[in-house]
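**Student:** What follows is a structure written as structure tokens; I'll ask about it next.
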Amino acid sequence: MPSFDIVSNIDQHELTNAVDQANREVSTRFDFKDTNAHVDLNKNDITLIAPTDFQLKQIDEILRNKLSKRQIDMRSLNYKEITSNLNEAKQIVEVKQGIDTENAKKIVKMIKEGQLKVQAAIQGEQIRVTGKKRDDLQQVIAMLREAKVALPLQFINFRD
């Protein structure tokens with residue numbers, strides 16, 4: 001039976017490259033000279049560090065620019081609150097990997113409401129869609145691309 005998987009992943013290598021490029025730009029800009037402004041990456045957390053909130057927003061804009069040039073979708077970023085003290089402002093940006101159960105249930109519901117002859121099953125952080133006809137699976141992919149989903153979706157492991 002033909003099937004495919006729906007996932008929401010980010011290329012970790014591209015994420016690392018974007019953070020490195022953002023750090024390089026921050027270190028060469030005149031308005032960040034002699035400050036401790038930089039961007040840190042720890043697995044799935046990006047930490048923005050700057051002397052003031054205003055500079056933190058500038059670093060965020062630089063990072064967003066670098067991420068978009070590397071085709072990383074902004075919907076996969078979850079911004080936490082800015083914490084600041086006298087000489088430093090920090091913000092943690094969480095990078096979402098995988099499809100959480102709440103969004104997975106919404107996607108499965110969307111597929112079932114499409115009334116196509118396919119079955120969708122949640123398997124951990126991905127969704128497996130199976131059907132008898134390849135055309136039905138392609139309609140599901142087209143429907144999900146048009147739908148407004150809170151996560152960037154990729155379609156992998158298409159099997160006949």
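Ordering of the structure tokens sets the chain letters (A, B, ...); residue numbers start at 1 within each chain; ligands are numbered from 1 in the order shown.
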I'd like the contact shell of A:Val39 - 9 Å cut-off, only C-alpha atoms, skipping same-chain residues fewer than 2 positions apart - returned as a list in words.
**Tutor:**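 Non-adjacent residues within range: Val19, Asp20, Ala22, Asn23, Val26, Ala37, Leu41, Ile46, Thr47, Leu48, Ile49, Ala50, Ile59 and Leu63 of chain A.
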**Student:** Excluding same-chain residues fewer than 6 positions from A:Gln126, what lies within 7 Å of it counting only C-alpha atoms, as an MDAnalysis selection string?
**Tutor:** chainID A and resid 5:7 98:99
**Student:** Go ahead and save the picked residues with C-alpha atoms, as an mmCIF file, in the first residue's frame.
**Tutor:**
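Now in out_1.cif:
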data_model
loop_
_atom_site.group_PDB
_atom_site.id
_atom_site.type_symbol
_atom_site.label_atom_id
_atom_site.label_comp_id
_atom_site.auth_asym_id
_atom_site.auth_seq_id
_atom_site.Cartn_x
_atom_site.Cartn_y
_atom_site.Cartn_z
ATOM 1 C CA ASP A 5 5.260 10.389 6.431
ATOM 2 C CA ILE A 6 4.538 13.964 7.526
ATOM 3 C CA VAL A 7 7.315 15.464 9.672
ATOM 4 C CA GLY A 98 8.860 17.165 15.382
ATOM 5 C CA ILE A 99 5.081 17.454 15.505
#
**Student:** List every residue of stretch 5-40 of chain A that has an atom at most 12 Å from any atom of stretch 75-97 of chain A, and for each one report the closest atom pair and its distance in Å to one decimal, counting only C-alpha atoms, with rows sorted by chain and then by increasing residue number, as a Markdown table.
**Tutor:**
| residue | atom | partner | partner_atom | distance |
| --- | --- | --- | --- | --- |
| A:Val7 | CA | A:Gln97 | CA | 8.8 |
| A:Ser8 | CA | A:Gln97 | CA | 6.1 |
| A:Asn9 | CA | A:Gln97 | CA | 5.1 |
| A:Ile10 | CA | A:Gln97 | CA | 6.7 |
| A:Asp11 | CA | A:Gln97 | CA | 9.8 |
| A:Gln12 | CA | A:Gln97 | CA | 10.0 |
| A:Leu15 | CA | A:Val95 | CA | 9.5 |
| A:Thr16 | CA | A:Val95 | CA | 11.9 |
| A:Val19 | CA | A:Val93 | CA | 11.9 |
| A:Thr35 | CA | A:Glu88 | CA | 9.8 |
| A:Asn36 | CA | A:Glu88 | CA | 8.5 |
| A:Ala37 | CA | A:Glu88 | CA | 8.9 |
| A:His38 | CA | A:Lys90 | CA | 10.0 |
| A:Val39 | CA | A:Lys90 | CA | 9.8 |
| A:Asp40 | CA | A:Ile92 | CA | 9.4 |
**Student:** Quick one: pick out all helix (DSSP H, G or I) residues within chain A from a backbone DSSP run and write them as a tab-separated table (two decimals) with C-alpha atoms, in the first residue's frame.
**Tutor:**
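Contents of selection_26.tsv, as written:
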chain	number	residue	atom	x	y	z
A	12	GLN	CA	20.60	21.24	12.07
A	13	HIS	CA	23.60	21.99	9.87
A	14	GLU	CA	21.84	24.95	8.23
A	15	LEU	CA	20.79	26.21	11.67
A	16	THR	CA	24.40	26.10	12.87
A	17	ASN	CA	25.57	27.94	9.75
A	18	ALA	CA	22.93	30.66	10.18
A	19	VAL	CA	23.92	31.22	13.83
A	20	ASP	CA	27.61	31.39	12.84
A	21	GLN	CA	26.86	33.93	10.12
A	22	ALA	CA	24.78	36.03	12.54
A	23	ASN	CA	27.65	36.01	15.06
A	24	ARG	CA	30.10	37.04	12.35
A	25	GLU	CA	27.90	39.97	11.32
A	26	VAL	CA	27.35	41.07	14.93
A	27	SER	CA	31.10	41.01	15.60
A	28	THR	CA	31.85	43.22	12.57
A	30	PHE	CA	30.10	49.16	14.42
A	31	ASP	CA	27.08	49.55	16.73
A	32	PHE	CA	28.02	46.30	18.52
A	53	ASP	CA	16.68	45.30	24.68
A	54	PHE	CA	17.03	47.46	21.57
A	55	GLN	CA	20.28	45.76	20.56
A	56	LEU	CA	18.68	42.38	21.31
A	57	LYS	CA	15.95	43.16	18.77
A	58	GLN	CA	18.64	44.12	16.24
A	59	ILE	CA	20.41	40.80	16.78
A	60	ASP	CA	17.07	39.02	16.39
A	61	GLU	CA	16.54	40.74	13.05
A	62	ILE	CA	20.02	39.72	11.89
A	63	LEU	CA	19.35	36.12	12.94
A	64	ARG	CA	15.95	36.03	11.21
A	65	ASN	CA	17.57	37.33	8.02
A	66	LYS	CA	20.27	34.62	8.13
A	67	LEU	CA	17.71	31.88	8.89
A	68	SER	CA	15.44	32.91	6.02
A	69	LYS	CA	18.36	32.93	3.58
A	74	MET	CA	10.20	31.08	11.13
A	75	ARG	CA	7.14	29.10	12.28
A	76	SER	CA	9.52	26.60	13.88
A	101	THR	CA	0.48	15.67	19.78
A	102	GLU	CA	-1.89	18.65	19.73
A	103	ASN	CA	-0.88	19.69	16.20
A	104	ALA	CA	-0.73	16.06	15.09
A	105	LYS	CA	-4.36	15.56	16.13
A	106	LYS	CA	-5.37	18.70	14.20
A	107	ILE	CA	-3.59	17.45	11.07
A	108	VAL	CA	-5.19	13.99	11.34
A	109	LYS	CA	-8.60	15.64	11.80
A	110	MET	CA	-7.98	17.78	8.70
A	111	ILE	CA	-7.09	14.69	6.68
A	112	LYS	CA	-10.22	12.85	7.85
A	113	GLU	CA	-12.42	15.88	7.06
A	134	ARG	CA	-1.23	7.22	-5.06
A	135	ASP	CA	-3.50	10.04	-6.30
A	136	ASP	CA	-5.29	10.17	-2.92
A	137	LEU	CA	-1.96	10.61	-1.15
A	138	GLN	CA	-0.99	13.40	-3.51
A	139	GLN	CA	-4.32	15.13	-2.81
A	140	VAL	CA	-3.57	14.94	0.93
A	141	ILE	CA	-0.16	16.56	0.36
A	142	ALA	CA	-1.75	19.32	-1.76
A	143	MET	CA	-4.47	19.90	0.86
A	144	LEU	CA	-1.92	20.20	3.69
A	145	ARG	CA	0.27	22.60	1.69
A	146	GLU	CA	-2.73	24.92	1.22
**Student:** DSSP on the backbone: which residues in chain A end up as strand (DSSP E or B)? Give the answer as a PyMOL selection string.
**Tutor:** chain A and resi 3-7+38-42+45-50+77-84+89-95+118-123+126-131+154-159
**Student:** If I take atom CA of A:Glu125 and atom CA of A:Asp100, how far is one from the other in Å, to one decimal?
**Tutor:**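 Separation of atom CA of A:Glu125 and atom CA of A:Asp100: 6.2 Å.
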